[in-house]
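Everything below belongs to structure36.cif, which stores mmCIF, C-alpha atoms.
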data_my_file
loop_
_atom_site.label_atom_id
_atom_site.label_comp_id
_atom_site.auth_asym_id
_atom_site.auth_seq_id
_atom_site.Cartn_x
_atom_site.Cartn_y
_atom_site.Cartn_z
CA MET T 1 134.05 130.99 57.66
CA PRO T 2 134.89 129.19 54.43
CA PHE T 3 133.31 125.83 53.73
CA PRO T 4 134.00 123.16 51.12
CA LEU T 5 131.55 122.33 48.35
CA PRO T 6 131.54 118.62 47.49
CA VAL T 7 132.03 117.40 43.96
CA VAL T 8 130.19 114.23 43.02
CA ASN T 9 130.32 113.16 39.37
CA ARG T 10 131.11 116.73 38.41
CA ARG T 11 128.02 117.94 40.32
CA VAL T 12 128.33 120.93 42.63
CA PHE T 13 125.94 121.87 45.41
CA LEU T 14 125.53 125.19 47.19
CA ARG T 15 124.28 125.08 50.76
CA ALA T 16 122.73 127.96 52.68
CA ALA T 17 120.23 128.22 55.53
CA GLY T 18 119.61 124.48 55.51
CA VAL T 19 118.85 124.35 51.78
CA THR T 20 120.86 122.46 49.18
CA LEU T 21 120.77 123.84 45.66
CA ALA T 22 122.15 121.70 42.84
CA LEU T 23 124.12 123.48 40.11
CA PRO T 24 124.62 122.38 36.50
CA LEU T 25 127.29 119.90 35.52
CA PHE T 26 130.69 121.58 35.19
CA GLU T 27 133.53 120.22 33.07
CA SER T 28 136.29 122.29 34.65
CA PHE T 29 135.58 122.10 38.37
CA THR T 30 138.11 119.94 40.19
CA GLY T 31 138.73 121.55 43.56
CA ARG T 32 136.95 123.17 46.48
CA VAL T 33 135.24 126.53 46.46
CA PHE T 34 135.09 128.98 49.33
CA GLY T 35 132.47 131.70 49.46
CA ALA T 36 130.57 134.16 51.56
CA SER T 37 127.09 135.40 51.12
CA SER T 38 126.45 138.85 49.76
CA GLY T 39 123.31 140.94 49.37
CA ILE T 40 121.57 141.68 46.13
CA GLY T 41 119.97 145.04 45.40
CA LEU T 42 117.09 144.85 42.94
CA LYS T 43 116.23 147.95 41.01
CA PRO T 44 112.65 148.96 41.78
CA GLY T 45 110.10 149.44 39.03
CA ALA T 46 109.70 152.85 37.50
CA ALA T 47 107.13 155.11 39.12
CA ILE T 48 104.13 156.26 37.20
CA GLY T 49 104.78 159.72 35.83
CA ALA T 50 102.67 162.29 34.10
CA THR T 51 102.70 160.31 30.86
CA ARG T 52 100.16 157.52 31.02
CA PRO T 53 101.63 154.04 30.74
CA THR T 54 100.98 151.83 27.74
CA ARG T 55 98.82 148.75 28.34
CA MET T 56 98.24 145.55 26.41
CA VAL T 57 95.25 143.19 26.37
CA CYS T 58 95.20 139.99 24.28
CA VAL T 59 91.94 138.09 23.78
CA GLY T 60 91.95 134.64 22.22
CA ASN T 61 89.40 132.08 21.19
CA MET T 62 90.35 128.44 20.64
CA LEU T 63 88.11 127.73 17.65
CA GLY T 64 88.40 130.77 15.41
CA PHE T 65 85.45 132.36 13.62
CA PHE T 66 83.29 131.43 10.65
CA GLN T 67 85.36 133.11 7.96
CA PRO T 68 82.61 133.98 5.39
CA GLU T 69 80.93 136.14 8.08
CA PHE T 70 84.14 137.53 9.54
CA PHE T 71 86.26 138.83 6.63
CA PRO T 72 84.84 141.66 4.47
CA LYS T 73 84.97 141.54 0.70
CA GLN T 74 86.46 145.05 0.49
CA THR T 75 89.81 146.25 1.79
CA GLY T 76 90.94 149.71 2.82
CA ARG T 77 88.70 152.17 4.66
CA ARG T 78 84.89 152.31 4.87
CA TYR T 79 84.44 148.64 4.10
CA ASP T 80 81.10 146.93 4.74
CA LEU T 81 81.07 145.06 8.04
CA PRO T 82 80.04 141.38 7.76
CA THR T 83 77.74 139.80 10.33
CA LEU T 84 80.34 139.01 12.98
CA LEU T 85 81.92 142.46 12.86
CA GLN T 86 78.67 144.41 13.03
CA PRO T 87 78.80 144.72 16.85
CA LEU T 88 82.04 146.68 16.32
CA ALA T 89 80.37 149.22 13.99
CA PRO T 90 80.53 152.09 16.56
CA HIS T 91 84.29 151.53 16.80
CA GLN T 92 85.20 151.02 13.14
CA ASP T 93 87.63 153.96 13.21
CA ASP T 94 89.27 152.57 16.35
CA PHE T 95 90.41 149.20 15.03
CA THR T 96 92.31 147.57 12.17
CA LEU T 97 91.11 144.29 10.72
CA PHE T 98 93.83 142.03 9.34
CA SER T 99 93.42 139.16 6.91
CA GLY T 100 96.20 136.98 5.56
CA LEU T 101 98.32 137.03 8.75
CA ASP T 102 99.36 133.83 10.48
CA HIS T 103 102.39 131.97 11.81
CA GLY T 104 102.87 129.54 8.94
CA VAL T 105 102.22 126.57 11.23
CA LYS T 106 100.10 123.46 10.83
CA GLY T 107 98.47 121.15 13.32
CA GLY T 108 94.86 122.28 13.77
CA HIS T 109 93.87 122.13 17.44
CA PHE T 110 97.42 121.15 18.37
CA ALA T 111 98.88 124.35 16.91
CA ILE T 112 96.50 126.93 18.38
CA HIS T 113 98.82 127.36 21.37
CA SER T 114 101.15 129.26 19.02
CA TYR T 115 98.63 132.13 18.78
CA LEU T 116 100.58 134.58 20.97
CA SER T 117 104.05 133.18 20.41
CA GLY T 118 104.20 132.33 16.71
CA ILE T 119 106.02 129.13 17.70
CA ARG T 120 104.66 125.66 18.35
CA SER T 121 105.93 124.28 21.65
CA VAL T 122 107.59 121.36 19.85
CA ASP T 123 109.67 123.85 17.85
CA ALA T 124 110.58 126.11 20.78
CA LYS T 125 114.11 124.81 21.29
CA ALA T 126 115.13 125.97 17.83
CA MET T 127 114.23 129.60 18.61
CA PRO T 128 116.47 132.08 20.48
CA GLU T 129 113.67 133.03 22.90
CA GLY T 130 111.77 129.74 22.81
CA ASN T 131 108.00 130.04 22.51
CA ILE T 132 107.54 132.91 24.96
CA SER T 133 104.19 134.57 24.30
CA LEU T 134 103.62 138.21 23.47
CA ASP T 135 102.16 139.07 26.88
CA GLN T 136 104.96 137.42 28.85
CA ARG T 137 107.64 139.10 26.71
CA ALA T 138 106.08 142.46 27.51
CA ALA T 139 105.66 141.53 31.20
CA GLU T 140 109.41 140.99 31.52
CA THR T 141 109.87 144.77 31.19
CA VAL T 142 107.24 145.82 33.73
CA GLY T 143 109.28 145.06 36.85
CA GLY T 144 107.58 146.19 40.06
CA ALA T 145 105.69 149.10 38.54
CA THR T 146 102.40 147.23 39.05
CA ARG T 147 101.22 144.69 41.58
CA PHE T 148 100.81 142.08 38.83
CA PRO T 149 103.22 142.07 35.88
CA SER T 150 100.44 140.34 33.93
CA LEU T 151 97.08 138.66 34.44
CA THR T 152 96.23 135.45 32.58
CA ILE T 153 92.52 134.67 32.58
CA GLY T 154 90.46 131.85 31.08
CA SER T 155 88.55 128.66 31.76
CA GLU T 156 90.37 125.36 32.09
CA ASP T 157 87.58 123.18 30.78
CA GLY T 158 86.92 122.02 27.26
CA LEU T 159 89.04 120.88 24.36
CA HIS T 160 92.65 119.68 24.76
CA GLY T 161 93.12 120.67 28.40
CA GLY T 162 91.77 124.21 28.49
CA CYS T 163 93.74 127.40 27.97
CA MET T 164 97.19 127.19 26.40
CA MET T 165 97.71 130.73 25.17
CA CYS T 166 100.44 132.12 27.45
CA TRP T 167 103.98 130.74 27.73
CA THR T 168 107.11 131.72 29.63
CA ARG T 169 110.59 131.96 28.15
CA SER T 170 111.33 128.48 29.48
CA GLY T 171 108.32 127.02 27.63
CA THR T 172 106.11 126.65 30.70
CA ARG T 173 102.39 127.26 30.29
CA VAL T 174 101.02 130.10 32.41
CA PRO T 175 97.90 128.69 34.11
CA PRO T 176 94.89 131.01 33.93
CA ILE T 177 92.75 132.57 36.64
CA PRO T 178 89.60 130.52 35.99
CA GLY T 179 86.72 132.87 36.78
CA PRO T 180 85.53 136.29 37.94
CA LYS T 181 85.39 135.31 41.62
CA GLN T 182 89.05 134.31 41.67
CA LEU T 183 90.06 137.34 39.60
CA PHE T 184 88.12 139.67 41.89
CA GLN T 185 89.78 138.21 44.99
CA LYS T 186 93.21 138.49 43.40
CA LEU T 187 92.66 142.11 42.44
CA PHE T 188 90.75 143.53 45.36
CA LEU T 189 90.63 141.42 48.53
CA THR T 190 93.33 142.37 51.02
CA GLU T 191 94.73 139.55 53.15
CA SER T 192 94.49 139.71 56.92
CA ALA T 193 97.32 141.20 58.99
CA ALA T 194 98.33 137.67 60.03
CA ASP T 195 98.48 136.56 56.39
CA ARG T 196 100.64 139.57 55.48
CA GLU T 197 102.97 138.86 58.40
CA ARG T 198 103.37 135.23 57.38
CA ALA T 199 104.02 136.33 53.80
CA ALA T 200 106.68 138.81 54.95
CA ASP T 201 108.40 136.07 56.95
CA ARG T 202 108.30 133.76 53.96
CA PHE T 203 109.74 136.41 51.66
CA GLY T 204 112.47 137.26 54.14
CA LEU T 205 113.52 133.63 54.61
CA GLN T 206 113.60 132.87 50.90
CA GLY T 207 115.47 136.08 50.18
CA SER T 208 118.26 135.27 52.65
CA ILE T 209 118.64 131.80 51.14
CA LEU T 210 119.03 133.08 47.60
CA ASP T 211 121.35 135.87 48.66
CA ALA T 212 123.68 133.32 50.26
CA VAL T 213 123.57 131.00 47.27
CA HIS T 214 124.29 133.87 44.90
CA GLY T 215 127.35 134.92 46.89
CA ASP T 216 128.77 131.41 46.95
CA ALA T 217 128.15 131.07 43.23
CA LYS T 218 130.21 134.18 42.52
CA SER T 219 133.16 132.52 44.27
CA LEU T 220 132.51 129.35 42.33
CA GLY T 221 132.41 131.25 39.05
CA ARG T 222 135.96 132.53 39.48
CA ARG T 223 137.24 128.93 39.32
CA LEU T 224 135.39 127.88 36.18
CA GLY T 225 136.39 127.85 32.53
CA ARG T 226 134.58 130.02 30.01
CA ARG T 227 132.06 127.40 28.90
CA ASP T 228 131.18 126.49 32.47
CA GLN T 229 130.96 130.19 33.36
CA GLU T 230 128.40 130.65 30.58
CA LYS T 231 126.50 127.66 31.93
CA LEU T 232 126.56 129.14 35.43
CA ASP T 233 125.39 132.54 34.15
CA GLU T 234 122.50 130.89 32.30
CA TYR T 235 121.52 128.95 35.40
CA PHE T 236 121.57 131.99 37.64
CA THR T 237 119.47 133.96 35.19
CA SER T 238 116.70 131.61 36.30
CA VAL T 239 117.58 132.24 39.94
CA ARG T 240 117.38 135.99 39.37
CA ASP T 241 113.91 135.50 37.88
CA VAL T 242 112.87 133.87 41.16
CA GLU T 243 114.41 136.73 43.12
CA ARG T 244 112.51 139.25 41.04
CA GLN T 245 109.19 137.56 41.73
CA MET T 246 109.97 137.42 45.44
CA GLU T 247 110.93 141.08 45.44
CA LEU T 248 107.64 142.02 43.76
CA GLY T 249 105.72 140.09 46.39
CA ARG T 250 107.71 141.73 49.20
CA ARG T 251 107.20 145.23 47.86
CA TRP T 252 103.44 144.86 47.40
CA ALA T 253 102.62 142.83 50.53
CA ASP T 254 101.71 145.90 52.61
CA VAL T 255 100.28 148.15 49.90
CA PRO T 256 96.47 148.48 50.28
CA LYS T 257 94.53 147.21 47.28
CA PRO T 258 92.17 149.59 45.43
CA LYS T 259 88.45 149.75 46.13
CA PRO T 260 86.53 148.02 43.33
CA GLY T 261 83.27 149.97 43.48
CA MET T 262 81.29 146.78 42.82
CA PRO T 263 80.21 143.72 44.85
CA GLU T 264 82.20 140.48 44.68
CA PRO T 265 80.83 138.38 41.77
CA GLU T 266 80.17 134.65 41.65
CA ASN T 267 81.24 132.23 38.92
CA THR T 268 78.10 131.37 36.95
CA GLY T 269 79.46 129.79 33.76
CA PHE T 270 81.82 131.26 31.21
CA VAL T 271 79.11 132.63 28.91
CA SER T 272 77.55 134.78 31.63
CA ASP T 273 80.94 135.38 33.25
CA LEU T 274 82.46 136.86 30.09
CA PRO T 275 81.18 140.45 30.49
CA VAL T 276 82.19 140.41 34.17
CA LEU T 277 85.70 139.29 33.28
CA TYR T 278 85.97 142.12 30.76
CA ASP T 279 84.80 144.59 33.42
CA LEU T 280 87.38 143.30 35.87
CA ILE T 281 90.15 143.60 33.27
CA ALA T 282 89.11 147.20 32.67
CA LEU T 283 89.24 147.84 36.43
CA ALA T 284 92.66 146.23 36.68
CA LEU T 285 93.96 148.53 33.96
CA GLN T 286 92.23 151.56 35.40
CA THR T 287 93.69 151.03 38.87
CA ASP T 288 97.10 150.19 37.36
CA SER T 289 97.02 146.84 39.15
CA THR T 290 98.45 145.48 35.90
CA ARG T 291 99.27 146.76 32.43
CA ILE T 292 99.04 143.40 30.67
CA ALA T 293 96.09 141.01 30.60
CA THR T 294 95.08 138.04 28.50
CA LEU T 295 91.69 136.37 28.22
CA GLU T 296 91.13 133.05 26.47
CA ILE T 297 87.76 131.58 25.56
CA ALA T 298 88.22 127.81 25.59
CA GLY T 299 86.29 125.02 23.94
CA GLY T 300 84.09 124.61 27.02
CA PHE T 301 82.18 127.82 26.19
CA GLU T 302 78.63 126.65 26.94
CA ALA T 303 76.52 126.35 23.79
CA SER T 304 73.66 125.16 26.02
CA ALA T 305 73.34 128.75 27.31
CA PHE T 306 72.06 129.62 23.84
CA GLY T 307 69.57 126.73 23.73
CA LEU T 308 71.81 124.66 21.44
CA ARG T 309 72.11 120.89 21.71
CA LYS T 310 75.56 120.52 20.16
CA ASP T 311 78.61 121.80 21.99
CA TYR T 312 80.90 124.58 20.78
CA HIS T 313 83.53 122.24 19.36
CA ALA T 314 80.97 120.19 17.43
CA LEU T 315 79.41 123.34 15.99
CA SER T 316 82.80 124.61 14.84
CA HIS T 317 83.04 121.42 12.73
CA HIS T 318 79.86 122.44 10.97
CA GLY T 319 80.39 120.45 7.77
CA GLN T 320 78.70 123.30 5.85
CA VAL T 321 75.37 122.30 7.45
CA GLN T 322 73.36 125.51 7.81
CA GLU T 323 71.81 124.55 11.16
CA ASN T 324 75.29 124.07 12.63
CA ILE T 325 76.55 127.33 11.10
CA ASP T 326 73.57 129.24 12.52
CA GLY T 327 74.29 127.85 15.99
CA LEU T 328 77.99 128.64 15.69
CA LEU T 329 77.25 132.22 14.64
CA LYS T 330 75.15 132.71 17.78
CA LEU T 331 78.14 131.86 19.96
CA GLU T 332 80.60 133.87 17.90
CA LYS T 333 78.41 136.96 17.65
CA TYR T 334 77.93 136.95 21.42
CA GLN T 335 81.68 136.85 21.88
CA MET T 336 82.04 139.79 19.50
CA GLU T 337 79.26 141.70 21.28
CA GLN T 338 81.03 141.36 24.62
CA PHE T 339 84.30 142.40 23.06
CA ALA T 340 82.63 145.47 21.56
CA ARG T 341 81.21 146.27 25.00
CA PHE T 342 84.72 146.05 26.45
CA ILE T 343 86.06 148.46 23.81
CA ALA T 344 83.23 150.87 24.60
CA LYS T 345 84.15 150.71 28.28
CA LEU T 346 87.81 151.47 27.59
CA LYS T 347 86.70 154.40 25.43
CA SER T 348 84.59 155.73 28.32
CA ILE T 349 87.29 155.72 31.02
CA GLU T 350 89.33 158.90 31.44
CA ASP T 351 93.07 158.30 31.44
CA GLY T 352 95.34 161.30 31.64
CA ASN T 353 94.71 163.58 28.69
CA GLY T 354 92.77 160.91 26.81
CA LYS T 355 90.79 157.72 27.25
CA LEU T 356 91.99 154.36 28.48
CA LEU T 357 91.71 152.92 24.96
CA ASP T 358 94.13 155.58 23.69
CA HIS T 359 96.82 154.00 25.87
CA THR T 360 95.74 150.35 25.59
CA MET T 361 96.57 148.03 22.68
CA VAL T 362 93.90 145.34 22.38
CA LEU T 363 94.43 142.24 20.26
CA PHE T 364 91.46 140.00 19.48
CA GLY T 365 91.69 136.80 17.48
CA SER T 366 92.54 133.12 17.44
CA GLY T 367 95.25 130.63 16.62
CA MET T 368 92.67 128.75 14.55
CA GLY T 369 91.82 129.97 11.07
CA ASN T 370 89.18 127.46 9.98
CA ALA T 371 88.13 124.94 12.63
CA ASN T 372 85.99 123.00 10.17
CA ALA T 373 89.09 122.34 8.04
CA HIS T 374 91.57 122.26 10.94
CA THR T 375 93.75 124.98 9.41
CA ASN T 376 95.87 127.59 11.18
CA SER T 377 96.25 129.98 8.24
CA ASN T 378 94.59 133.37 7.62
CA LEU T 379 93.93 133.97 11.31
CA PRO T 380 91.07 136.29 12.34
CA ILE T 381 92.81 139.34 13.84
CA VAL T 382 91.30 142.57 15.13
CA PHE T 383 93.69 145.16 16.57
CA VAL T 384 92.23 148.06 18.55
CA GLY T 385 93.41 151.27 20.21
CA GLY T 386 96.87 151.98 21.58
CA GLY T 387 97.29 155.25 19.68
CA PHE T 388 97.81 153.56 16.31
CA ARG T 389 96.34 154.59 12.96
CA HIS T 390 93.18 152.52 12.51
CA GLY T 391 90.02 152.26 10.44
CA GLU T 392 91.17 149.87 7.70
CA HIS T 393 90.83 146.30 6.54
CA ARG T 394 94.39 145.33 5.68
CA SER T 395 94.81 142.24 3.55
CA TYR T 396 98.13 140.44 3.05
CA PRO T 397 97.69 137.91 0.24
CA GLU T 398 100.15 135.03 0.36
CA LYS T 399 101.15 135.45 -3.29
CA ALA T 400 102.64 138.86 -2.43
CA GLY T 401 104.96 137.23 0.10
CA ARG T 402 103.68 136.03 3.46
CA VAL T 403 103.75 138.61 6.25
CA PRO T 404 104.04 136.90 9.67
CA LEU T 405 101.55 137.80 12.37
CA CYS T 406 104.62 138.20 14.59
CA ASN T 407 105.35 141.43 12.68
CA LEU T 408 102.26 142.91 14.33
CA TYR T 409 103.44 141.56 17.68
CA LEU T 410 106.82 143.21 17.18
CA SER T 411 105.06 146.52 16.51
CA MET T 412 103.10 146.05 19.74
CA LEU T 413 106.17 145.23 21.79
CA GLN T 414 108.03 148.25 20.51
CA ARG T 415 105.06 150.49 21.32
CA PHE T 416 105.00 148.93 24.80
CA GLY T 417 108.60 150.02 25.25
CA VAL T 418 110.42 146.72 24.72
CA GLU T 419 113.77 147.38 23.07
CA THR T 420 113.86 144.57 20.54
CA ASN T 421 113.96 144.18 16.77
CA ARG T 422 112.52 140.68 16.62
CA PHE T 423 109.85 138.47 18.11
CA GLY T 424 109.17 134.87 17.19
CA ILE T 425 109.35 134.56 13.40
CA SER T 426 108.99 138.29 12.71
CA THR T 427 110.68 139.80 9.68
CA GLY T 428 110.06 143.41 10.71
CA THR T 429 107.17 145.53 11.92
CA ILE T 430 103.80 146.25 10.29
CA ARG T 431 104.20 149.39 8.22
CA GLY T 432 101.60 152.14 8.09
CA LEU T 433 100.14 151.65 11.57
CA GLU T 434 101.93 154.59 13.14
CA ARG T 435 100.11 157.90 13.07
CA ALA T 436 101.52 160.48 10.66
#

Will you turn the file into structure tokens for me?
Amino acid sequence: MPFPLPVVNRRVFLRAAGVTLALPLFESFTGRVFGASSGIGLKPGAAIGATRPTRMVCVGNMLGFFQPEFFPKQTGRRYDLPTLLQPLAPHQDDFTLFSGLDHGVKGGHFAIHSYLSGIRSVDAKAMPEGNISLDQRAAETVGGATRFPSLTIGSEDGLHGGCMMCWTRSGTRVPPIPGPKQLFQKLFLTESAADRERAADRFGLQGSILDAVHGDAKSLGRRLGRRDQEKLDEYFTSVRDVERQMELGRRWADVPKPKPGMPEPENTGFVSDLPVLYDLIALALQTDSTRIATLEIAGGFEASAFGLRKDYHALSHHGQVQENIDGLLKLEKYQMEQFARFIAKLKSIEDGNGKLLDHTMVLFGSGMGNANAHTNSNLPIVFVGGGFRHGEHRSYPEKAGRVPLCNLYLSMLQRFGVETNRFGISTGTIRGLERA
């Protein structure tokens, strides 16, 4: 039965199942629209085949690293590892160290959120894809192949509101899973039968609402001019994103979760939680619960766990005082030790005809270059695994023409299978990383 859609100040509303959904302002709409609901078939995610899937892990730290003990003096292969890289000595052939890469942004602490996007949030509107972060761009291609398109992990305490590393295409921050207990429950605890039934009912109700709205919108679209049609298409792209998330939830609601092989952990503080979080990320990749994970170490990383009186942020503003630098290096070396442990774990896990690290790209770094000087240039970047050619310190001096860090991100996205020739402010890919 057709029904009229009211027009109030050029506003149009679609009604279905007791829900009113407001549409964008339309210049050309002057009459009434009649529509009927129609179903939407969503293409399921690709099944896992014989070829092992590519994974991506991005680790970030809000305050950077003490540069004199991070960057080697030599470039090329077989360089001497400075203090902060020494924990990675067993893996020197498995990673590439980059110096001279950044996003060309300024702002100190207020620009570190550009680490995985290359774009400050205030500049997002000027970019074709906004300030979407590397992980979320890759997650858009995963579909329903895994239970979680991506996992965002990190503490919410500390400097400037906690973690701000991951961003959607619309410029919305992706809030992190705050600790190992919550991550464990998300990955491995199966809801009760009653919970699953309630979830199925919720998915079914929401699906019927969106199906009806979509059908009515198609009828509406036939009566719009070209500019308003483009506006409608843009609006319903967002609706389709909602549908996709609902479909993923529906498909995975009744699939048993994998057995973790370890007891449920407790949150004990981010310093002691860090190795547990790395272990859980490795398990998530191993069980193919996700293929994309991020982990951010925020400013609330507890310096008191190391017997230090000053907090992490204060130590990062060391003022060239040796006592402060020594304290800062304790925190930073611990972070590097746990990262090295994570790499060793990925190298130990069988994955098809290789190891998990062979099929996992791991990015480690920061959006802060020098916290003491509040600069966002020459970012500390370590890139591990993923089947690339590694073992070098690659330096990109600014006088030779700045190479954006987003060029590395573009290389990563293409390896992940994203069909794109640009990301953020990229000017191309990083040459020489592919194996001969």

*Point (77.5, 141.3, 26.0), cut-off 6 Å, counting only C-alpha atoms, residues as an NGL selection string*: :T and (275 or 337-338)

Can I get the selected residues back with C-alpha atoms, as a compact mmCIF listing (two decimals), in the frame of the given file?
# COMPACT_ATOMS: atom_id res chain seq x y z
CA PRO T 275 81.18 140.45 30.49
CA GLU T 337 79.26 141.70 21.28
CA GLN T 338 81.03 141.36 24.62

*Run the PyMOL selection byres ((chain T and resi 425) around 12) mentally over the shown coordinates, then write out the matched residues as JSON, numbers by chain, using the chain letters and numbers from the document.*
{"T": [102, 103, 104, 105, 114, 116, 117, 118, 119, 120, 123, 124, 126, 127, 128, 129, 130, 131, 132, 402, 403, 404, 405, 406, 407, 408, 409, 410, 421, 422, 423, 424, 426, 427, 428, 429]}

*With all atoms listed in the file as the atoms that count, which of T:Asn324, T:Ser170, T:Ser366, T:Gln185 lies nearest to Ser121 in chain T?*
T:Ser170

_Ground truth for the PyMOL selection byres ((chain T and resi 332) around 12), written as JSON, numbers by chain_ = {"T": [61, 62, 63, 64, 65, 66, 67, 69, 70, 83, 84, 85, 86, 87, 271, 297, 301, 302, 303, 306, 312, 315, 316, 325, 326, 327, 328, 329, 330, 331, 333, 334, 335, 336, 337, 338, 339, 365, 366]}

_Under the PyMOL selection byres ((chain T and resi 342) around 12), which residues of this model are included? Write them out as number ranges by chain._
T: 57, 59, 87-88, 91, 274-283, 335-341, 343-349, 356-357, 360, 362, 364, 384-385

*What separation in Å, quoted to one decimal, exists between CA of Ala145 in chain T and CA of Gly261 in chain T?*
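Computing the Euclidean distance for CA of Ala145 in chain T and CA of Gly261 in chain T yields 23.0 Å.
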
*Selected residue of minimal separation from Phe383 in chain T among T:Tyr396, T:Phe148, T:Phe188, T:Phe95, counting all atoms listed in the file*: T:Phe95

_Which residue of T:Pro263, T:Gly391, T:Pro90, T:Pro82 approaches Pro68 in chain T most closely, using all atoms listed in the file_ =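 Closest residue, counting all atoms listed in the file: T:Pro82.
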